[in-house]
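Note: the block below is model_37.tsv and it holds TSV, C-alpha atoms.
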chain	number	residue	atom	x	y	z
A	1157	MET	CA	24.52	10.93	-39.39
A	1158	TYR	CA	21.70	9.65	-41.57
A	1159	ARG	CA	18.74	8.34	-39.59
A	1160	GLY	CA	16.23	7.32	-42.23
A	1161	VAL	CA	13.79	4.50	-41.68
A	1162	GLN	CA	15.59	1.29	-42.45
A	1163	CYS	CA	16.25	-2.27	-41.37
A	1164	LEU	CA	19.74	-2.52	-39.99
A	1165	THR	CA	20.34	-6.05	-41.20
A	1166	THR	CA	21.93	-6.76	-44.58
A	1167	THR	CA	19.95	-9.50	-46.25
A	1168	ARG	CA	21.07	-12.26	-48.57
A	1169	VAL	CA	19.56	-11.71	-52.00
A	1170	ARG	CA	19.32	-14.63	-54.40
A	1171	ARG	CA	21.77	-14.36	-57.28
A	1172	HIS	CA	20.49	-14.64	-60.82
A	1173	PRO	CA	22.78	-15.88	-63.61
A	1174	ARG	CA	21.66	-13.23	-66.09
A	1175	ARG	CA	23.50	-9.94	-66.24
A	1176	ILE	CA	22.20	-6.92	-68.13
A	1177	GLU	CA	24.72	-5.23	-70.39
A	1178	PHE	CA	24.37	-1.82	-72.00
A	1179	SER	CA	25.03	-3.51	-75.33
A	1180	GLN	CA	21.51	-4.94	-75.06
A	1181	GLY	CA	19.85	-1.56	-74.66
A	1182	THR	CA	19.58	1.90	-76.17
A	1183	LEU	CA	23.11	2.84	-75.11
A	1184	LYS	CA	24.70	0.14	-77.26
A	1185	THR	CA	28.07	1.42	-78.45
A	1186	ASP	CA	31.68	0.45	-78.89
A	1187	SER	CA	33.87	1.51	-75.98
A	1188	GLU	CA	35.51	4.89	-76.57
A	1189	PHE	CA	38.66	3.94	-74.64
A	1190	ALA	CA	40.24	0.71	-73.45
A	1191	THR	CA	42.43	1.92	-70.58
A	1192	ALA	CA	42.12	4.71	-68.04
A	1193	ARG	CA	45.03	5.53	-65.74
A	1194	ILE	CA	44.19	6.91	-62.30
A	1195	PHE	CA	46.12	9.72	-60.61
A	1196	ASP	CA	44.94	10.15	-57.04
A	1197	THR	CA	45.24	13.57	-55.40
A	1198	THR	CA	43.43	12.81	-52.13
A	1199	LEU	CA	46.57	13.60	-50.14
A	1200	ARG	CA	47.19	16.91	-51.92
A	1201	ASP	CA	44.11	18.58	-53.40
A	1202	GLY	CA	41.85	16.42	-51.25
A	1203	GLU	CA	43.55	17.69	-48.11
A	1204	GLN	CA	42.83	21.23	-49.27
A	1205	SER	CA	39.16	20.65	-48.37
A	1206	PRO	CA	38.19	23.34	-45.89
A	1207	ARG	CA	38.71	22.13	-42.31
A	1208	THR	CA	40.60	18.99	-43.39
A	1209	SER	CA	44.16	18.21	-42.32
A	1210	PHE	CA	45.86	14.84	-42.57
A	1211	SER	CA	48.50	13.91	-40.03
A	1212	TYR	CA	51.71	12.16	-41.04
A	1213	ASP	CA	50.20	8.83	-39.99
A	1214	ASP	CA	46.97	9.59	-41.88
A	1215	LYS	CA	48.94	10.24	-45.05
A	1216	ARG	CA	50.98	7.07	-44.73
A	1217	GLU	CA	47.87	4.96	-44.07
A	1218	ILE	CA	45.86	6.44	-46.96
A	1219	ALA	CA	48.85	6.19	-49.32
A	1220	ALA	CA	49.28	2.52	-48.42
A	1221	ALA	CA	45.59	1.89	-49.13
A	1222	LEU	CA	45.79	3.70	-52.48
A	1223	ASP	CA	48.91	1.75	-53.38
A	1224	SER	CA	47.23	-1.52	-52.46
A	1225	ALA	CA	44.21	-0.60	-54.60
A	1226	GLY	CA	46.48	-0.18	-57.62
A	1227	VAL	CA	46.41	3.52	-58.46
A	1228	ASP	CA	48.85	4.58	-61.17
A	1229	THR	CA	50.06	7.73	-59.40
A	1230	ILE	CA	49.73	9.11	-55.86
A	1231	GLU	CA	50.13	12.85	-55.43
A	1232	ALA	CA	51.52	12.70	-51.91
A	1233	GLY	CA	51.56	16.41	-51.21
A	1234	PHE	CA	53.31	19.76	-51.59
A	1235	PRO	CA	56.81	19.06	-50.20
A	1236	VAL	CA	57.90	22.68	-49.75
A	1237	ASN	CA	54.85	23.45	-47.60
A	1238	SER	CA	56.40	22.31	-44.30
A	1239	ASP	CA	58.95	19.97	-42.77
A	1240	ALA	CA	56.13	17.57	-41.83
A	1241	GLU	CA	54.78	17.60	-45.38
A	1242	PHE	CA	58.26	16.98	-46.78
A	1243	ALA	CA	58.76	14.01	-44.45
A	1244	ALA	CA	55.41	12.47	-45.38
A	1245	VAL	CA	56.02	12.86	-49.12
A	1246	ARG	CA	59.57	11.49	-48.79
A	1247	ASP	CA	58.47	8.44	-46.82
A	1248	ILE	CA	55.53	7.69	-49.12
A	1249	ALA	CA	57.87	7.94	-52.12
A	1250	SER	CA	60.26	5.46	-50.54
A	1251	ALA	CA	57.54	2.95	-49.68
A	1252	ALA	CA	54.99	2.98	-52.52
A	1253	ASP	CA	55.02	0.82	-55.62
A	1254	ALA	CA	52.91	3.42	-57.42
A	1255	THR	CA	54.46	6.49	-59.03
A	1256	VAL	CA	54.64	9.17	-56.32
A	1257	CYS	CA	54.15	12.81	-57.28
A	1258	GLY	CA	55.07	16.04	-55.51
A	1259	LEU	CA	53.59	19.45	-56.34
A	1260	ALA	CA	55.77	22.48	-57.11
A	1261	ARG	CA	55.14	26.05	-58.17
A	1262	VAL	CA	57.36	27.54	-60.89
A	1263	VAL	CA	59.83	28.41	-58.14
A	1264	ASP	CA	63.33	26.95	-57.80
A	1265	LYS	CA	62.94	26.13	-54.11
A	1266	ASP	CA	59.71	24.21	-54.74
A	1267	ILE	CA	61.30	22.11	-57.45
A	1268	GLU	CA	64.48	21.42	-55.47
A	1269	THR	CA	62.44	20.39	-52.43
A	1270	ALA	CA	60.28	18.02	-54.49
A	1271	LEU	CA	63.40	16.47	-55.99
A	1272	ASP	CA	64.98	16.14	-52.54
A	1273	ALA	CA	61.86	14.31	-51.36
A	1274	GLY	CA	62.64	11.61	-53.91
A	1275	VAL	CA	59.37	11.79	-55.85
A	1276	ASP	CA	59.11	10.04	-59.20
A	1277	LEU	CA	57.03	12.78	-60.80
A	1278	VAL	CA	57.35	16.54	-60.27
A	1279	HIS	CA	54.06	18.34	-60.88
A	1280	VAL	CA	54.87	21.92	-61.88
A	1281	PHE	CA	52.03	24.42	-62.16
A	1282	ALA	CA	51.51	28.06	-63.07
A	1283	SER	CA	48.38	30.14	-63.57
A	1284	THR	CA	47.63	30.92	-67.21
A	1285	SER	CA	44.25	32.68	-67.07
A	1286	ASP	CA	44.55	36.46	-67.07
A	1287	VAL	CA	42.53	36.85	-63.88
A	1288	GLN	CA	44.89	34.54	-61.97
A	1289	ILE	CA	48.06	35.86	-63.59
A	1290	GLU	CA	47.15	39.42	-62.64
A	1291	ASP	CA	45.38	38.99	-59.32
A	1292	SER	CA	46.91	35.81	-57.88
A	1293	MET	CA	50.44	35.56	-59.27
A	1294	HIS	CA	50.80	39.34	-59.80
A	1295	ALA	CA	52.85	38.63	-62.89
A	1296	SER	CA	52.64	38.97	-66.66
A	1297	ARG	CA	52.01	36.44	-69.41
A	1298	GLU	CA	55.63	36.75	-70.49
A	1299	ALA	CA	56.94	36.09	-66.98
A	1300	VAL	CA	54.69	33.06	-66.50
A	1301	LEU	CA	55.83	31.59	-69.81
A	1302	GLU	CA	59.51	32.11	-68.99
A	1303	ARG	CA	59.26	30.70	-65.47
A	1304	SER	CA	57.23	27.70	-66.68
A	1305	VAL	CA	59.84	26.75	-69.28
A	1306	GLU	CA	62.73	27.22	-66.84
A	1307	SER	CA	61.02	25.11	-64.17
A	1308	VAL	CA	60.26	22.25	-66.53
A	1309	GLU	CA	63.86	22.34	-67.78
A	1310	ARG	CA	65.21	22.22	-64.21
A	1311	ALA	CA	63.11	19.20	-63.28
A	1312	THR	CA	63.81	17.29	-66.49
A	1313	GLU	CA	67.55	17.93	-66.19
A	1314	ALA	CA	67.43	16.32	-62.76
A	1315	GLY	CA	66.08	13.13	-64.36
A	1316	ALA	CA	62.56	13.31	-62.94
A	1317	GLU	CA	59.38	12.68	-64.86
A	1318	VAL	CA	57.67	16.07	-65.22
A	1319	MET	CA	54.07	17.19	-65.53
A	1320	PHE	CA	53.07	20.77	-66.25
A	1321	SER	CA	49.69	22.25	-65.39
A	1322	PRO	CA	48.47	25.51	-66.98
A	1323	MET	CA	46.25	26.29	-63.99
A	1324	ASP	CA	42.77	27.54	-64.85
A	1325	ALA	CA	43.19	26.23	-68.38
A	1326	THR	CA	39.45	26.33	-69.06
A	1327	ARG	CA	39.41	30.12	-68.47
A	1328	THR	CA	42.66	30.81	-70.32
A	1329	ASP	CA	42.93	32.64	-73.63
A	1330	PRO	CA	43.20	29.81	-76.22
A	1331	ASP	CA	46.13	31.34	-78.09
A	1332	TYR	CA	48.12	31.88	-74.91
A	1333	LEU	CA	47.28	28.39	-73.66
A	1334	ARG	CA	48.66	26.96	-76.89
A	1335	GLU	CA	51.81	29.09	-76.58
A	1336	VAL	CA	52.50	27.83	-73.06
A	1337	VAL	CA	51.80	24.19	-73.85
A	1338	GLU	CA	53.99	24.25	-76.94
A	1339	ALA	CA	56.80	25.97	-75.03
A	1340	VAL	CA	56.98	23.43	-72.20
A	1341	SER	CA	56.55	20.60	-74.68
A	1342	ALA	CA	59.58	21.86	-76.60
A	1343	VAL	CA	61.78	21.43	-73.51
A	1344	GLY	CA	60.71	17.85	-72.84
A	1345	VAL	CA	57.71	17.86	-70.49
A	1346	ASP	CA	56.30	14.35	-70.10
A	1347	TRP	CA	52.73	15.23	-69.16
A	1348	ILE	CA	50.39	18.13	-69.80
A	1349	ASN	CA	47.73	18.31	-67.12
A	1350	VAL	CA	44.60	20.21	-68.20
A	1351	PRO	CA	42.92	21.63	-65.10
A	1352	ASP	CA	39.35	22.85	-64.93
A	1353	THR	CA	40.38	24.73	-61.81
A	1354	CYS	CA	37.09	26.49	-61.13
A	1355	GLY	CA	34.78	23.77	-62.41
A	1356	VAL	CA	33.30	25.68	-65.35
A	1357	ALA	CA	33.73	23.01	-68.03
A	1358	THR	CA	31.00	20.87	-69.54
A	1359	PRO	CA	31.70	17.41	-70.95
A	1360	GLY	CA	31.38	18.37	-74.61
A	1361	ARG	CA	33.42	21.55	-74.30
A	1362	PHE	CA	36.06	19.84	-72.19
A	1363	ALA	CA	36.40	17.01	-74.70
A	1364	ASP	CA	36.92	19.58	-77.45
A	1365	LEU	CA	39.64	21.27	-75.40
A	1366	ILE	CA	41.46	17.98	-74.76
A	1367	GLU	CA	41.39	17.11	-78.45
A	1368	THR	CA	42.69	20.58	-79.31
A	1369	ILE	CA	45.56	20.44	-76.82
A	1370	GLY	CA	46.45	16.95	-77.95
A	1371	GLY	CA	46.96	18.36	-81.41
A	1372	TYR	CA	49.90	20.55	-80.42
A	1373	THR	CA	51.86	18.49	-77.92
A	1374	ASP	CA	53.53	15.09	-77.97
A	1375	ALA	CA	53.25	14.87	-74.18
A	1376	LYS	CA	50.73	12.56	-72.58
A	1377	ILE	CA	47.49	14.23	-71.46
A	1378	ASP	CA	46.21	14.24	-67.89
A	1379	VAL	CA	43.01	15.97	-66.70
A	1380	HIS	CA	42.03	17.58	-63.41
A	1381	THR	CA	38.37	18.53	-62.99
A	1382	HIS	CA	36.49	20.31	-60.21
A	1383	ASP	CA	32.89	19.82	-59.11
A	1384	ASP	CA	31.50	23.33	-58.72
A	1385	PHE	CA	28.57	22.45	-61.00
A	1386	GLY	CA	28.53	18.73	-60.25
A	1387	LEU	CA	30.26	17.87	-63.52
A	1388	ALA	CA	33.74	16.84	-62.38
A	1389	SER	CA	33.41	13.09	-62.88
A	1390	ALA	CA	31.55	13.51	-66.17
A	1391	ASN	CA	34.24	15.91	-67.38
A	1392	ALA	CA	37.01	13.50	-66.38
A	1393	LEU	CA	35.34	10.74	-68.38
A	1394	ALA	CA	34.87	13.12	-71.29
A	1395	GLY	CA	38.61	13.71	-71.11
A	1396	PHE	CA	39.22	9.98	-71.51
A	1397	GLU	CA	36.79	9.87	-74.43
A	1398	ALA	CA	38.76	12.67	-76.08
A	1399	GLY	CA	42.08	10.88	-75.74
A	1400	ALA	CA	43.40	11.77	-72.28
A	1401	ASP	CA	45.65	9.10	-70.80
A	1402	ARG	CA	44.96	9.78	-67.13
A	1403	ALA	CA	42.53	11.56	-64.80
A	1404	GLN	CA	43.19	13.15	-61.43
A	1405	VAL	CA	40.64	12.15	-58.80
A	1406	SER	CA	40.21	12.10	-55.03
A	1407	VAL	CA	38.47	9.55	-52.84
A	1408	GLY	CA	34.98	10.78	-52.07
A	1409	GLY	CA	35.59	13.72	-54.40
A	1410	ILE	CA	37.06	15.78	-51.55
A	1411	GLY	CA	39.06	18.90	-52.37
A	1412	GLU	CA	38.85	22.64	-52.84
A	1413	ARG	CA	35.33	24.10	-52.59
A	1414	ALA	CA	32.93	21.45	-53.98
A	1415	GLY	CA	35.84	19.08	-54.55
A	1416	ASN	CA	37.31	16.99	-57.36
A	1417	ALA	CA	36.20	14.19	-59.63
A	1418	ALA	CA	35.43	11.30	-57.29
A	1419	PHE	CA	37.82	8.33	-57.40
A	1420	GLU	CA	35.03	5.80	-57.02
A	1421	GLN	CA	32.78	7.36	-59.66
A	1422	VAL	CA	35.44	7.71	-62.33
A	1423	VAL	CA	36.89	4.25	-61.70
A	1424	MET	CA	33.58	2.39	-61.69
A	1425	ALA	CA	32.16	4.28	-64.68
A	1426	ALA	CA	35.35	3.56	-66.62
A	1427	GLU	CA	35.34	-0.11	-65.60
A	1428	SER	CA	31.62	-0.88	-65.77
A	1429	VAL	CA	30.10	1.51	-68.30
A	1430	TYR	CA	33.03	1.80	-70.71
A	1431	GLY	CA	34.56	-1.62	-70.06
A	1432	ALA	CA	37.99	-0.01	-69.65
A	1433	ASP	CA	40.90	-1.27	-67.58
A	1434	THR	CA	41.84	1.13	-64.76
A	1435	GLY	CA	44.25	-1.20	-62.98
A	1436	ILE	CA	42.26	-0.69	-59.77
A	1437	ASP	CA	41.21	-3.50	-57.44
A	1438	THR	CA	37.64	-2.24	-57.23
A	1439	THR	CA	36.78	-4.53	-54.30
A	1440	GLN	CA	38.82	-2.17	-52.09
A	1441	ILE	CA	36.81	0.93	-52.99
A	1442	THR	CA	34.29	0.89	-50.13
A	1443	GLU	CA	36.96	0.28	-47.48
A	1444	LEU	CA	39.12	3.04	-48.98
A	1445	ALA	CA	36.18	5.46	-48.95
A	1446	ARG	CA	35.46	4.72	-45.28
A	1447	LEU	CA	39.12	5.30	-44.38
A	1448	VAL	CA	39.26	8.69	-46.11
A	1449	GLU	CA	35.89	9.68	-44.66
A	1450	GLU	CA	37.18	8.96	-41.16
A	1451	ARG	CA	40.57	10.64	-41.57
A	1452	SER	CA	39.28	13.70	-43.45
A	1453	ASP	CA	36.18	14.20	-41.29
A	1454	VAL	CA	34.22	14.82	-44.51
A	1455	PRO	CA	30.99	12.79	-44.18
A	1456	THR	CA	29.68	10.69	-47.04
A	1457	ALA	CA	26.07	11.48	-47.92
A	1458	PRO	CA	23.83	8.38	-47.98
A	1459	ASN	CA	22.92	8.95	-51.64
A	1460	THR	CA	26.56	9.26	-52.75
A	1461	PRO	CA	27.14	7.09	-55.83
A	1462	ILE	CA	29.04	3.83	-55.31
A	1463	VAL	CA	29.98	4.32	-51.63
A	1464	GLY	CA	26.94	5.93	-49.97
A	1465	ASP	CA	24.84	3.90	-47.52
A	1466	ASN	CA	21.95	3.91	-49.99
A	1467	ALA	CA	23.96	3.06	-53.12
A	1468	PHE	CA	22.84	-0.58	-53.03
A	1469	ALA	CA	19.86	-0.27	-50.65
A	1470	HIS	CA	16.24	-0.88	-51.65
A	1471	GLU	CA	13.03	-0.05	-49.76
A	1472	SER	CA	10.37	0.43	-52.44
A	1473	GLY	CA	8.27	-2.70	-52.75
A	1474	ILE	CA	8.49	-2.86	-56.54
A	1475	HIS	CA	12.26	-2.32	-56.52
A	1476	ALA	CA	12.93	-4.78	-53.71
A	1477	ALA	CA	10.79	-7.46	-55.34
A	1478	GLY	CA	12.66	-7.05	-58.60
A	1479	VAL	CA	16.08	-7.13	-56.92
A	1480	ILE	CA	15.19	-10.29	-55.01
A	1481	GLU	CA	14.42	-11.98	-58.34
A	1482	ASN	CA	17.35	-10.47	-60.26
A	1483	SER	CA	19.50	-7.64	-58.92
A	1484	ALA	CA	19.93	-6.21	-62.43
A	1485	THR	CA	16.26	-5.19	-62.53
A	1486	PHE	CA	16.81	-2.07	-60.44
A	1487	GLU	CA	20.60	-1.83	-60.30
A	1488	PRO	CA	22.93	-1.00	-63.21
A	1489	GLY	CA	23.61	-4.69	-63.90
A	1490	VAL	CA	27.17	-3.88	-64.97
A	1491	MET	CA	28.04	-2.95	-61.38
A	1492	THR	CA	27.28	-4.99	-58.29
A	1493	PRO	CA	27.97	-4.25	-54.62
A	1494	GLU	CA	30.45	-7.12	-54.53
A	1495	MET	CA	32.52	-5.39	-57.21
A	1496	VAL	CA	33.20	-2.48	-54.84
A	1497	GLY	CA	33.44	-4.44	-51.60
A	1498	ALA	CA	29.95	-3.52	-50.42
A	1499	GLU	CA	26.75	-5.43	-49.64
A	1500	ARG	CA	23.20	-5.13	-50.92
A	1501	GLU	CA	20.58	-4.14	-48.37
A	1502	LEU	CA	16.82	-4.55	-48.24
A	1503	VAL	CA	15.50	-1.73	-46.10
A	1504	LEU	CA	12.22	-2.03	-44.19
A	1505	GLY	CA	10.03	1.04	-43.82
A	1506	LYS	CA	7.05	2.96	-45.15
A	1507	HIS	CA	7.57	1.82	-48.76
A	1508	THR	CA	8.26	-1.84	-48.04
A	1509	GLY	CA	6.41	-4.59	-49.90
A	1510	THR	CA	5.60	-8.17	-49.03
A	1511	HIS	CA	8.47	-9.64	-51.06
A	1512	SER	CA	11.03	-7.75	-49.02
A	1513	VAL	CA	9.38	-8.61	-45.71
A	1514	ARG	CA	9.18	-12.30	-46.60
A	1515	GLN	CA	12.85	-12.30	-47.61
A	1516	ARG	CA	13.86	-10.57	-44.37
A	1517	LEU	CA	11.80	-12.96	-42.25
A	1518	GLU	CA	13.19	-16.03	-44.00
A	1519	ASP	CA	16.74	-14.72	-43.67
A	1520	ALA	CA	16.03	-14.19	-39.97
A	1521	GLY	CA	15.02	-17.83	-39.52
A	1522	TYR	CA	11.23	-17.55	-39.68
A	1523	ASP	CA	8.80	-19.60	-41.77
A	1524	PRO	CA	5.89	-17.19	-42.31
A	1525	SER	CA	2.59	-17.94	-43.98
A	1526	ASP	CA	1.23	-15.62	-46.67
A	1527	GLU	CA	-1.21	-14.14	-44.17
A	1528	GLN	CA	1.54	-13.51	-41.63
A	1529	VAL	CA	3.71	-11.83	-44.26
A	1530	ARG	CA	0.83	-9.47	-45.10
A	1531	ALA	CA	0.23	-8.72	-41.43
A	1532	VAL	CA	3.90	-8.05	-40.68
A	1533	THR	CA	4.16	-5.90	-43.80
A	1534	ARG	CA	1.18	-3.75	-42.74
A	1535	GLU	CA	2.70	-3.13	-39.32
A	1536	VAL	CA	6.18	-2.41	-40.75
A	1537	LYS	CA	4.67	0.11	-43.19
A	1538	ASP	CA	2.64	1.77	-40.43
A	1539	ARG	CA	5.66	2.07	-38.16
A	1540	GLY	CA	7.73	3.41	-41.01
A	1541	ALA	CA	5.08	6.01	-41.81
A	1542	ASP	CA	5.22	7.12	-38.15
A	1543	GLY	CA	8.97	7.65	-38.49
A	1544	ASP	CA	10.04	4.58	-36.55
A	1545	GLU	CA	13.38	2.96	-37.32
A	1546	ILE	CA	12.83	-0.66	-38.29
A	1547	THR	CA	15.74	-2.47	-36.69
A	1548	THR	CA	16.48	-6.17	-36.40
A	1549	ASP	CA	14.90	-6.15	-32.95
A	1550	THR	CA	11.82	-4.35	-34.30
A	1551	LEU	CA	11.31	-6.96	-36.99
A	1552	ALA	CA	11.68	-9.76	-34.44
A	1553	ALA	CA	9.14	-8.13	-32.11
A	1554	VAL	CA	6.62	-7.67	-34.91
A	1555	ALA	CA	7.11	-11.26	-36.08
A	1556	GLU	CA	6.61	-12.62	-32.56
A	1557	ALA	CA	3.51	-10.46	-32.09
A	1558	HIS	CA	1.98	-12.10	-35.16
A	1559	ASP	CA	2.97	-15.60	-34.03
A	1560	VAL	CA	5.29	-16.21	-36.96
A	1561	THR	CA	6.81	-19.68	-36.65
A	1562	ARG	CA	10.50	-19.57	-35.93
A	1563	GLY	CA	12.85	-21.96	-37.71
A	1564	SER	CA	16.27	-23.15	-36.63
A	1565	GLU	CA	18.14	-20.09	-37.90
A	1566	GLN	CA	18.50	-17.08	-35.63
A	1567	ILE	CA	18.14	-13.43	-36.57
A	1568	ARG	CA	21.54	-12.13	-37.59
A	1569	GLU	CA	22.83	-8.93	-36.11
A	1570	GLY	CA	23.07	-6.12	-38.64
A	1571	PRO	CA	25.96	-3.71	-39.06
A	1572	ALA	CA	26.10	-0.77	-36.67
A	1573	ARG	CA	25.39	2.68	-38.11

Using structure tokens, write down the structure that the file contains.
Amino acid sequence: MYRGVQCLTTTRVRRHPRRIEFSQGTLKTDSEFATARIFDTTLRDGEQSPRTSFSYDDKREIAAALDSAGVDTIEAGFPVNSDAEFAAVRDIASAADATVCGLARVVDKDIETALDAGVDLVHVFASTSDVQIEDSMHASREAVLERSVESVERATEAGAEVMFSPMDATRTDPDYLREVVEAVSAVGVDWINVPDTCGVATPGRFADLIETIGGYTDAKIDVHTHDDFGLASANALAGFEAGADRAQVSVGGIGERAGNAAFEQVVMAAESVYGADTGIDTTQITELARLVEERSDVPTAPNTPIVGDNAFAHESGIHAAGVIENSATFEPGVMTPEMVGAERELVLGKHTGTHSVRQRLEDAGYDPSDEQVRAVTREVKDRGADGDEITTDTLAAVAEAHDVTRGSEQIREGPAR
């Protein structure tokens, strides 16, 4: 739990009619893409986070929240994994408005079980990098190619929408990758998912790969990026720039090892920076993140983009003063806390300035003089420097000690942490 010096009351910040757009600055550009479909894998790859396990009820609750938020596709799980997993996938598929996906290896039983679960989309995968073919699948290139084609044919013949993933695509021999993609495309695959399974891609290189693959398949392109070097969300967006139709993400970026591209980062960058339509009700993002954090037991760091406690918090005097005048001074301008269902916070501590203290006192119902604001600010800064937590009660005590006149409004209780 984060225990930094902060005021635990969310303040009201005056709204300013102006809104800064990137088109006014050095990043002026035409949007590279207009739409960005979101495939959420929180319930499948996200659950593969070490020490994370969702119960049946957890899966149903998270799936309902994802469906409500408007995701295009929910990967509900790996149906063949267990009876409980099968039941959860089946029941999510029967209840969700979104497309529901089930994962399957290039194994007949996996595909039959996914089909029996009633999923809309069967996600078939096979390793294509030599290291995984030899040391994970213990197979040959020829065998992988044959089994991939047969599995796609089986799922398409059953009438399901089918996606094929050449796992570890970014470490696969380019000629063999093309051979596999062309082979499954020839038998009617609907989607080619391009996975950066071990997170070794960079945005420019990944964009080149997506453009290349798009040149030898008529299937729609989907991307799946991992965060081993902190590039997953950037790589997912690079995929969109290069023509991908959809990106696989997980809420909070949870998943294998360092995790996946983060749902909230990809959605808000696509919506706010690129001006693209994701179909997501972004006002549900913060609530969704809190739900997944609780059910997965994967804590959200305070400096996590979009959904961290500090994402819209300001302590520095210069920053707080600017935000009080116009929130776009020290926030992106194209994204506000209201857009993601969050609130802005002015934090009191060592770096606090008089503007922030005055705002907090006025919001708490006080009518301070300039001299009293300076006195309260000095004490708040001193307490912050000593490591004290500046709570609502602390601010009230300091104000009373300096005889600040109290108005009719009472100090509002802040959210618990």

Select, from A:Thr1533, A:Thr1485, A:Thr1492, A:Thr1328, the residue with the minimum atom-to-atom distance to A:Phe1468, counting all atoms listed in the file.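 Under the stated criterion, the closest residue is A:Thr1492.
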
One residue among A:Glu1527, A:Glu1268, A:Glu1231, A:Glu1427 is nearest to A:Arg1310 when using only C-alpha atoms, and that residue is A:Glu1268

Between atom CA of A:Tyr1212 and atom CA of A:Ala1244, what is the distance, to one decimal in Å?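 Taking atom CA of A:Tyr1212 as the start and atom CA of A:Ala1244 as the end point, the length is 5.7 Å.
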
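Restricting the calculation to only C-alpha atoms, the smallest distance between A:Ala1299 and any of A:Arg1361, A:Val1262, A:Asp1526, A:Gly1274 is found for A:Val1262.
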
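Relative to atom CA of A:Ile1369, atom CA of A:Val1256 is found at 25.1 Å.
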
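Closest approach to A:Asp1331 from the set A:Ala1552, A:Ile1218, A:Glu1313, A:Ser1285 is made by A:Ser1285, with distances taken over all atoms listed in the file.
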
Residues near A:Val1350, cut-off 9 Å, only C-alpha atoms, skip fewer than 3 positions along chain, as a VMD selection string: chain A and resid 1320 to 1326 1353 1365 to 1366 1369 1377 to 1381

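Relative to atom CA of A:Ser1304, atom CA of A:Ile1267 is found at 11.5 Å.
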
Please determine, counting only C-alpha atoms, which residue among A:Glu1450, A:Glu1471, A:Asp1253, A:Glu1397 has the shortest atom-to-atom distance to A:Val1513.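 Result for the nearest residue to A:Val1513: A:Glu1471.
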
Best match for closeness to A:Gly1226 among A:Glu1518, A:Asp1401, A:Asp1196, A:Glu1309, counting all atoms listed in the file: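 Ranked by minimum distance to A:Gly1226, first place goes to A:Asp1196.
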
Residues of stretch 1182-1268 of chain A that have any atom at most 8 Å from an atom of stretch 1407-1418 of chain A: could you tabulate them with the shortest-distance atom pair and the distance in Å to one decimal, using only C-alpha atoms, ordered by chain and increasing number, as a Markdown table?
| residue | atom | partner | partner_atom | distance |
| --- | --- | --- | --- | --- |
| A:Asp1196 | CA | A:Val1407 | CA | 7.7 |
| A:Thr1198 | CA | A:Val1407 | CA | 6.0 |
| A:Asp1201 | CA | A:Gly1411 | CA | 5.2 |
| A:Gly1202 | CA | A:Gly1411 | CA | 3.9 |
| A:Glu1203 | CA | A:Gly1411 | CA | 6.3 |
| A:Gln1204 | CA | A:Gly1411 | CA | 5.4 |
| A:Ser1205 | CA | A:Gly1411 | CA | 4.4 |
| A:Pro1206 | CA | A:Glu1412 | CA | 7.0 |

Counting all atoms listed in the file, what is within 12 Å of A:Lys1265, bar same-chain residues fewer than 3 positions away, as a ChimeraX atom specification? /A:1234-1237,1259-1262,1268-1272,1280,1307,1310-1311

Which residues are near A:Phe1210? Cut-off 7 Å, only C-alpha atoms, ignore same chain within fewer than 3 positions. Put them as a VMD selection string. chain A and resid 1203 1214 to 1215 1451 to 1452

If you take every atom of stretch 1448-1456 of chain A that the file lists and fit an axis-aligned box around them with 4 Å extra on each side, what centre and edge lengths come out in Å to one decimal, as lines of an AutoDock Vina configuration file?
center_x = 35.1
center_y = 11.8
center_z = -44.1
size_x = 18.9
size_y = 14.1
size_z = 13.9

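All residues of protein, DNA or RNA that reach within 8 Å of A:Asp1276, judged by all atoms listed in the file and not counting those fewer than 2 positions away in the chain, are Ala1249, Thr1255, Val1256, Cys1257, Gly1274, Val1278, Ala1316 and Glu1317 of chain A.
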